[in-house]
There are 2 protein chains.
Amino acid sequence: MVEHVNLREVGLRDGIQMAKRFVDTEHKLEWALRLKKAGVREIELTSFVPPKIVPQFADADALATHLPQLSGTVPSALVPNLKGAERALAAGFRHINYVLSISEAHSQANVRRSTDEAIAEFERIVALKQTDAGRGMVLGVGLATSFGCTLQGKVSPDRVFEVARKVADGGADELIVADTVGYGNPAQVTMLLPTIIEIAAGRRVLCHFHDTRGLGLANVAAALETGVRAFDTSLAGLGGCPFAPGATGNINTEDTAFMLESMGFSTGVDIGALLELRLDVETWLGSEERYSGAIARAGLPKTFQLQGETAI
Amino acid sequence: MVEHVNLREVGLRDGIQMAKRFVDTEHKLEWALRLKKAGVREIELTSFVPPKIVPQFADADALATHLPQLSGTVPSALVPNLKGAERALAAGFRHINYVLSISEAHSQANVRRSTDEAIAEFERIVALKQTDAGRGMVLGVGLATSFGCTLQGKVSPDRVFEVARKVADGGADELIVADTVGYGNPAQVTMLLPTIIEIAAGRRVLCHFHDTRGLGLANVAAALETGVRAFDTSLAGLGGCPFAPGATGNINTEDTAFMLESMGFSTGVDIGALLELRLDVETWLGSEERYSGAIARAGLPKTFQLQGETAI
């Protein structure tokens, strides 16, 4: 019996939020549709941050008009606050990811709020769930900088657990444990995740790793050991961090799928189709971005076989 | 009590064997001396393959005249056969690494011998240990293509165990389990290593991983779980495989040290000094080579601290 691992593609959100070029809405849609065709079943499609802050997402509403074409997948949107959640719901999203930072310094830099203020905003989003407008909302909550912070340095595991508990008990449907800046290591994963899974009490726990310091896939392997079966990944490893010039971004979708399939997990993802898609993504984003990925460079092993079904 | 993990630097051997440029003997020596100064305690310094096959090692004897300067470290040499072992001993090496391939196809391609013929050659090297010339020899045996082969594809774990047993029982002092082509994954590591450690019966087991498909450090983390405490690594991730153009080479020394230290293991390695050394290595080898490494690109985390003592 092959176990399934979900890859949630975040390239269209985390991957391009700092990109130099605006990606046309039609290309974003093609990107998403080809992810669907390649078997990707969860796609973070856009973000409802104010376009003044991230111009890349100025077309969030326009993109959302195409949501029906993505049926069969779970498209989600990131929101930085209640207003974003309202906009996302109005645009037709059902799955909403709200991110708060464990690090006070990062929270202030990112959303000009303390972590406790961000938790209060989370509670307002949960209240929205209980209104007519919020009916059916599935709320994921990202715990950014859970493994450390470029601004404040260390982040206390106790604080991670405390915030995770508030969020799980407070009405989140899933928890996304994020190594926002690529500080995490496998020992930390092994230490943090079991307690967070316990706190989550049956809610899904995803891991969101960045490969900034090369440990992304080692962290995935460690998280698998703790029972995590869902990961945020980004095509071509897109997703540079503004605080780490030249750093790589999210863990690479193709490489993660390769590792998981090699280890005997099924992802349902057609790696070959992703490698074709990334060629087009590179033309849309241009040479200003950094594209990573070992499989794109070295190819799949001769012995490689997908564990499960690929895209329908 | 901090546990120590040994990194054996193979950049001067595996790392440069396919390099376009010949590295001058004086630069090789500087490279080795600066590794020593940076706290690296095991260095595979050269190879006694015929210079006609690998011209880079034409200066193996000349380099060996400087062995006394490397006292305090364990310098070793790779040998492809008995003749190489004799040359290495005559040159002053005590630690000798003989490599044989589990894959028949790779064995034929690499040394024009079947695996069984390579085992017979191993037995001749063991016989040499019993002579006056071989007295004190420490013999490491590399099990190449233990995780798969670009030529023949799959490699049977039973064959890996069978060869490991012949080698361990036959007089090897340590076993080096090698993923020569970067086909291995953490599940395979978890499956293979415990049995090999059992077969080794107290002899040291090292892992030799290539990061060709991005799983190098994930494999290290998995091997740590099985009890392995020694790894072959290469400065700047040097070591391209001739059968995989554009592929990366060995796992990167700086990144491996970073991961291990972050996880609470001590390596004794001064990562900053390695980052300085790699700048010079890049000038010696030129822009024809591929230099990898996340730490060289993104820097160490603000929170990073070495676990143990760095270089003396």
# chains A, B, ... in the order shown; residues from 1 in each chain; ligands from 1
$ interface_residues --of "chain B" --to "chain A" --cutoff "10 Å" --atoms "only C-alpha atoms" --output "number ranges by chain"
B: 148-155, 181-189, 211-222, 243-248, 252, 255-256, 258-264, 293-304
$ residues_around --residues "range 51-60 of chain B" --least-positions-apart "5" --cutoff "7 Å" --atoms "only C-alpha atoms" --output "list in words"
Gln17, Phe22, Thr25 and Thr46 of chain B
$ residues_around --residues "Leu100 in chain A" --least-positions-apart "4" --cutoff "9 Å" --atoms "only C-alpha atoms" --output "PDB file with N, CA, C and O atoms, in the first residue's frame"
ATOM      1  N   PRO A  80      -3.178  38.483   4.406  1.00  0.00           N
ATOM      2  CA  PRO A  80      -2.372  39.023   5.504  1.00  0.00           C
ATOM      3  C   PRO A  80      -3.227  39.510   6.666  1.00  0.00           C
ATOM      4  O   PRO A  80      -2.698  39.797   7.735  1.00  0.00           O
ATOM      5  N   SER A 107       7.316  39.745  12.568  1.00  0.00           N
ATOM      6  CA  SER A 107       5.908  40.136  12.537  1.00  0.00           C
ATOM      7  C   SER A 107       5.789  41.647  12.317  1.00  0.00           C
ATOM      8  O   SER A 107       5.026  42.112  11.475  1.00  0.00           O
ATOM      9  N   VAL A 111       4.101  42.742   8.821  1.00  0.00           N
ATOM     10  CA  VAL A 111       2.724  43.259   8.845  1.00  0.00           C
ATOM     11  C   VAL A 111       2.518  44.381   9.869  1.00  0.00           C
ATOM     12  O   VAL A 111       1.376  44.773  10.147  1.00  0.00           O
ATOM     13  N   THR A 115       3.064  39.704  17.365  1.00  0.00           N
ATOM     14  CA  THR A 115       2.490  38.375  17.157  1.00  0.00           C
ATOM     15  C   THR A 115       1.115  38.276  17.827  1.00  0.00           C
ATOM     16  O   THR A 115       0.183  37.719  17.253  1.00  0.00           O
ATOM     17  N   ALA A 118      -1.360  39.857  15.740  1.00  0.00           N
ATOM     18  CA  ALA A 118      -1.650  38.989  14.589  1.00  0.00           C
ATOM     19  C   ALA A 118      -2.584  37.845  14.989  1.00  0.00           C
ATOM     20  O   ALA A 118      -3.413  37.408  14.200  1.00  0.00           O
ATOM     21  N   ILE A 119      -2.437  37.379  16.224  1.00  0.00           N
ATOM     22  CA  ILE A 119      -3.346  36.336  16.713  1.00  0.00           C
ATOM     23  C   ILE A 119      -4.762  36.910  16.867  1.00  0.00           C
ATOM     24  O   ILE A 119      -5.758  36.252  16.532  1.00  0.00           O
ATOM     25  N   PHE A 122      -6.249  36.927  13.565  1.00  0.00           N
ATOM     26  CA  PHE A 122      -6.666  35.544  13.265  1.00  0.00           C
ATOM     27  C   PHE A 122      -8.051  35.279  13.853  1.00  0.00           C
ATOM     28  O   PHE A 122      -8.928  34.684  13.199  1.00  0.00           O
ATOM     29  N   VAL A 141      -3.418  28.165   8.804  1.00  0.00           N
ATOM     30  CA  VAL A 141      -2.657  29.241   9.449  1.00  0.00           C
ATOM     31  C   VAL A 141      -1.175  28.901   9.400  1.00  0.00           C
ATOM     32  O   VAL A 141      -0.738  27.844   9.854  1.00  0.00           O
ATOM     33  N   GLY A 142      -0.434  29.806   8.793  1.00  0.00           N
ATOM     34  CA  GLY A 142       1.018  29.640   8.689  1.00  0.00           C
ATOM     35  C   GLY A 142       1.718  30.202   9.907  1.00  0.00           C
ATOM     36  O   GLY A 142       1.410  31.316  10.348  1.00  0.00           O
ATOM     37  N   LEU A 143       2.627  29.421  10.449  1.00  0.00           N
ATOM     38  CA  LEU A 143       3.423  29.864  11.594  1.00  0.00           C
ATOM     39  C   LEU A 143       4.819  30.212  11.065  1.00  0.00           C
ATOM     40  O   LEU A 143       5.721  29.364  11.038  1.00  0.00           O
ATOM     41  N   ALA A 144       4.944  31.450  10.600  1.00  0.00           N
ATOM     42  CA  ALA A 144       6.200  31.862   9.971  1.00  0.00           C
ATOM     43  C   ALA A 144       7.325  31.941  10.996  1.00  0.00           C
ATOM     44  O   ALA A 144       7.077  32.128  12.187  1.00  0.00           O
ATOM     45  N   THR A 145       8.552  31.788  10.505  1.00  0.00           N
ATOM     46  CA  THR A 145       9.781  31.871  11.322  1.00  0.00           C
ATOM     47  C   THR A 145       9.767  30.907  12.503  1.00  0.00           C
ATOM     48  O   THR A 145      10.345  31.200  13.546  1.00  0.00           O
TER      49      THR A 145
END
$ atom_distance --atom1 "CA of Pro75 in chain A" --atom2 "CA of Gly286 in chain A"
25.4 Å
$ select_by_dssp --residues "range 63-98 of chain A" --states "alpha helix (DSSP H)" --output "count of residues only"
12
$ select_by_dssp --residues "range 22-118 of chain A" --states "strand (DSSP E)" --output "PDB file with C-alpha atoms, in the first residue's frame"
ATOM      1  CA  GLU A  42      -3.267  21.912  -4.237  1.00  0.00           C
ATOM      2  CA  ILE A  43      -2.263  25.284  -5.595  1.00  0.00           C
ATOM      3  CA  GLU A  44      -1.735  28.494  -3.657  1.00  0.00           C
ATOM      4  CA  LEU A  45      -2.865  30.679  -6.509  1.00  0.00           C
ATOM      5  CA  THR A  46      -2.415  34.234  -5.351  1.00  0.00           C
ATOM      6  CA  SER A  47      -2.306  36.590  -2.411  1.00  0.00           C
ATOM      7  CA  VAL A  74      -7.790  22.880  -4.138  1.00  0.00           C
ATOM      8  CA  PRO A  75      -6.859  26.450  -5.009  1.00  0.00           C
ATOM      9  CA  SER A  76      -6.053  28.672  -2.055  1.00  0.00           C
ATOM     10  CA  ALA A  77      -5.131  32.283  -1.438  1.00  0.00           C
ATOM     11  CA  LEU A  78      -2.852  33.863   1.097  1.00  0.00           C
ATOM     12  CA  VAL A  79      -4.260  36.681   3.180  1.00  0.00           C
ATOM     13  CA  HIS A  95      -9.358  27.835   1.120  1.00  0.00           C
ATOM     14  CA  ILE A  96      -7.576  30.689   2.811  1.00  0.00           C
ATOM     15  CA  ASN A  97      -4.116  30.766   4.299  1.00  0.00           C
ATOM     16  CA  TYR A  98      -3.427  33.348   6.942  1.00  0.00           C
ATOM     17  CA  VAL A  99       0.180  33.773   8.026  1.00  0.00           C
ATOM     18  CA  LEU A 100       1.451  35.083  11.320  1.00  0.00           C
ATOM     19  CA  SER A 101       5.029  35.258  12.537  1.00  0.00           C
TER      20      SER A 101
END
$ residues_around --residues "Ile197 in chain B" --least-positions-apart "6" --cutoff "10 Å" --atoms "only C-alpha atoms" --output "compact mmCIF listing (two decimals) with C-alpha atoms, in the first residue's frame"
# COMPACT_ATOMS: atom_id res chain seq x y z
CA ALA B 164 30.36 -5.89 1.88
CA LEU B 175 33.83 0.30 4.43
CA ARG B 203 34.85 -1.58 11.47
CA ARG B 204 34.12 2.03 10.59
CA VAL B 205 31.43 2.62 7.95
CA LEU B 206 31.61 5.88 5.98
CA THR B 226 21.48 4.65 11.39
CA GLY B 227 24.59 5.52 13.37
CA VAL B 228 27.01 6.55 10.61
$ residues_around --residues "Arg159 in chain A" --least-positions-apart "3" --cutoff "9 Å" --atoms "only C-alpha atoms" --output "ChimeraX atom specification"
/A:102-103,146,155-156,162-164
$ write_last_selection --atoms "C-alpha atoms" --output "PDB file, in the first residue's frame"
ATOM      1  CA  ILE A 102       6.327  33.656  15.680  1.00  0.00           C
ATOM      2  CA  SER A 103       9.209  36.113  15.643  1.00  0.00           C
ATOM      3  CA  SER A 146       9.100  28.770  13.432  1.00  0.00           C
ATOM      4  CA  VAL A 155      12.859  31.707  18.043  1.00  0.00           C
ATOM      5  CA  SER A 156      11.753  29.849  21.142  1.00  0.00           C
ATOM      6  CA  GLU A 162       2.059  28.413  22.460  1.00  0.00           C
ATOM      7  CA  VAL A 163       1.009  30.121  19.226  1.00  0.00           C
ATOM      8  CA  ALA A 164       0.237  26.775  17.572  1.00  0.00           C
TER       9      ALA A 164
END
$ atom_distance --atom1 "CA of Ala230 in chain B" --atom2 "CA of Gly15 in chain B"
17.8 Å
$ atom_distance --atom1 "CA of Ile199 in chain A" --atom2 "CA of Asp158 in chain A"
12.2 Å
$ residues_around --residues "Asn6 in chain B" --least-positions-apart "6" --cutoff "10 Å" --atoms "only C-alpha atoms" --output "PyMOL selection string"
chain B and resi 40-42+206+228-233+257+265-269
$ closest_residue --among "A:His210, A:Lys166, A:Arg13, A:Arg34" --to "Leu274 in chain A" --atoms "only C-alpha atoms"
A:Arg34
$ closest_residue --among "B:Asp179, B:Glu3, B:Glu104, B:Glu26" --to "Phe147 in chain B" --atoms "only C-alpha atoms"
B:Asp179
$ residues_around --residues "Ser234 in chain A" --least-positions-apart "2" --cutoff "8 Å" --atoms "only C-alpha atoms" --output "number ranges by chain"
A: 9-11, 14-15, 232, 236-239, 250-253
$ write_last_selection --atoms "all heavy atoms" --output "mmCIF file, in the first residue's frame"
data_model
loop_
_atom_site.group_PDB
_atom_site.id
_atom_site.type_symbol
_atom_site.label_atom_id
_atom_site.label_comp_id
_atom_site.auth_asym_id
_atom_site.auth_seq_id
_atom_site.Cartn_x
_atom_site.Cartn_y
_atom_site.Cartn_z
ATOM 1 N N GLU A 9 1.561 23.462 -4.294
ATOM 2 C CA GLU A 9 2.425 24.328 -5.098
ATOM 3 C C GLU A 9 2.227 25.784 -4.693
ATOM 4 O O GLU A 9 1.100 26.299 -4.756
ATOM 5 C CB GLU A 9 2.084 24.130 -6.580
ATOM 6 C CG GLU A 9 2.796 25.031 -7.536
ATOM 7 C CD GLU A 9 4.302 24.807 -7.594
ATOM 8 O OE1 GLU A 9 4.763 23.653 -7.422
ATOM 9 O OE2 GLU A 9 5.025 25.796 -7.813
ATOM 10 N N VAL A 10 3.323 26.429 -4.288
ATOM 11 C CA VAL A 10 3.230 27.829 -3.855
ATOM 12 C C VAL A 10 4.009 28.782 -4.775
ATOM 13 O O VAL A 10 4.187 29.955 -4.467
ATOM 14 C CB VAL A 10 3.698 28.015 -2.382
ATOM 15 C CG1 VAL A 10 2.805 27.215 -1.437
ATOM 16 C CG2 VAL A 10 5.164 27.631 -2.210
ATOM 17 N N GLY A 11 4.442 28.246 -5.916
ATOM 18 C CA GLY A 11 5.219 29.074 -6.850
ATOM 19 C C GLY A 11 4.479 30.318 -7.307
ATOM 20 O O GLY A 11 5.074 31.392 -7.455
ATOM 21 N N ASP A 14 4.276 32.442 -3.183
ATOM 22 C CA ASP A 14 5.594 32.672 -2.577
ATOM 23 C C ASP A 14 6.666 32.807 -3.662
ATOM 24 O O ASP A 14 7.572 33.634 -3.565
ATOM 25 C CB ASP A 14 5.921 31.500 -1.641
ATOM 26 C CG ASP A 14 6.909 31.862 -0.546
ATOM 27 O OD1 ASP A 14 7.545 32.916 -0.644
ATOM 28 O OD2 ASP A 14 7.050 31.073 0.410
ATOM 29 N N GLY A 15 6.513 31.993 -4.705
ATOM 30 C CA GLY A 15 7.537 31.946 -5.755
ATOM 31 C C GLY A 15 7.715 33.234 -6.519
ATOM 32 O O GLY A 15 8.829 33.568 -6.933
ATOM 33 N N ASP A 232 4.583 22.409 1.305
ATOM 34 C CA ASP A 232 4.572 23.497 0.329
ATOM 35 C C ASP A 232 5.842 23.401 -0.503
ATOM 36 O O ASP A 232 6.944 23.292 0.051
ATOM 37 C CB ASP A 232 4.560 24.851 1.038
ATOM 38 C CG ASP A 232 3.189 25.210 1.607
ATOM 39 O OD1 ASP A 232 2.233 24.450 1.387
ATOM 40 O OD2 ASP A 232 3.100 26.261 2.265
ATOM 41 N N ALA A 236 10.645 24.987 -9.823
ATOM 42 C CA ALA A 236 11.955 25.594 -10.092
ATOM 43 C C ALA A 236 12.578 26.222 -8.854
ATOM 44 O O ALA A 236 13.536 26.975 -8.950
ATOM 45 C CB ALA A 236 11.862 26.628 -11.227
ATOM 46 N N GLY A 237 12.028 25.892 -7.677
ATOM 47 C CA GLY A 237 12.590 26.440 -6.433
ATOM 48 C C GLY A 237 12.490 27.946 -6.347
ATOM 49 O O GLY A 237 13.294 28.602 -5.676
ATOM 50 N N LEU A 238 11.490 28.502 -7.019
ATOM 51 C CA LEU A 238 11.324 29.959 -6.994
ATOM 52 C C LEU A 238 11.015 30.445 -5.586
ATOM 53 O O LEU A 238 10.507 29.696 -4.756
ATOM 54 C CB LEU A 238 10.179 30.363 -7.934
ATOM 55 C CG LEU A 238 10.498 30.284 -9.424
ATOM 56 C CD1 LEU A 238 9.218 30.389 -10.236
ATOM 57 C CD2 LEU A 238 11.483 31.387 -9.814
ATOM 58 N N GLY A 239 11.278 31.709 -5.348
ATOM 59 C CA GLY A 239 10.910 32.276 -4.052
ATOM 60 C C GLY A 239 12.057 32.858 -3.270
ATOM 61 O O GLY A 239 12.343 32.412 -2.173
ATOM 62 N N ASN A 250 11.775 28.568 -2.010
ATOM 63 C CA ASN A 250 11.094 27.401 -1.461
ATOM 64 C C ASN A 250 11.779 26.130 -1.931
ATOM 65 O O ASN A 250 12.492 26.128 -2.936
ATOM 66 C CB ASN A 250 9.648 27.388 -1.967
ATOM 67 C CG ASN A 250 8.844 28.557 -1.430
ATOM 68 O OD1 ASN A 250 8.802 29.620 -2.039
ATOM 69 N ND2 ASN A 250 8.243 28.376 -0.274
ATOM 70 N N ILE A 251 11.483 25.042 -1.244
ATOM 71 C CA ILE A 251 11.978 23.762 -1.750
ATOM 72 C C ILE A 251 11.349 23.524 -3.119
ATOM 73 O O ILE A 251 10.219 23.903 -3.381
ATOM 74 C CB ILE A 251 11.701 22.592 -0.780
ATOM 75 C CG1 ILE A 251 10.231 22.517 -0.362
ATOM 76 C CG2 ILE A 251 12.593 22.703 0.440
ATOM 77 C CD1 ILE A 251 9.883 21.242 0.392
ATOM 78 N N ASN A 252 12.140 22.899 -3.953
ATOM 79 C CA ASN A 252 11.810 22.717 -5.356
ATOM 80 C C ASN A 252 10.773 21.592 -5.527
ATOM 81 O O ASN A 252 10.962 20.480 -5.010
ATOM 82 C CB ASN A 252 13.133 22.379 -6.059
ATOM 83 C CG ASN A 252 12.968 22.073 -7.511
ATOM 84 O OD1 ASN A 252 12.319 21.104 -7.859
ATOM 85 N ND2 ASN A 252 13.547 22.901 -8.360
ATOM 86 N N THR A 253 9.719 21.868 -6.255
ATOM 87 C CA THR A 253 8.648 20.880 -6.428
ATOM 88 C C THR A 253 9.140 19.602 -7.107
ATOM 89 O O THR A 253 8.851 18.486 -6.649
ATOM 90 C CB THR A 253 7.502 21.468 -7.271
ATOM 91 O OG1 THR A 253 7.056 22.680 -6.658
ATOM 92 C CG2 THR A 253 6.334 20.495 -7.368
#
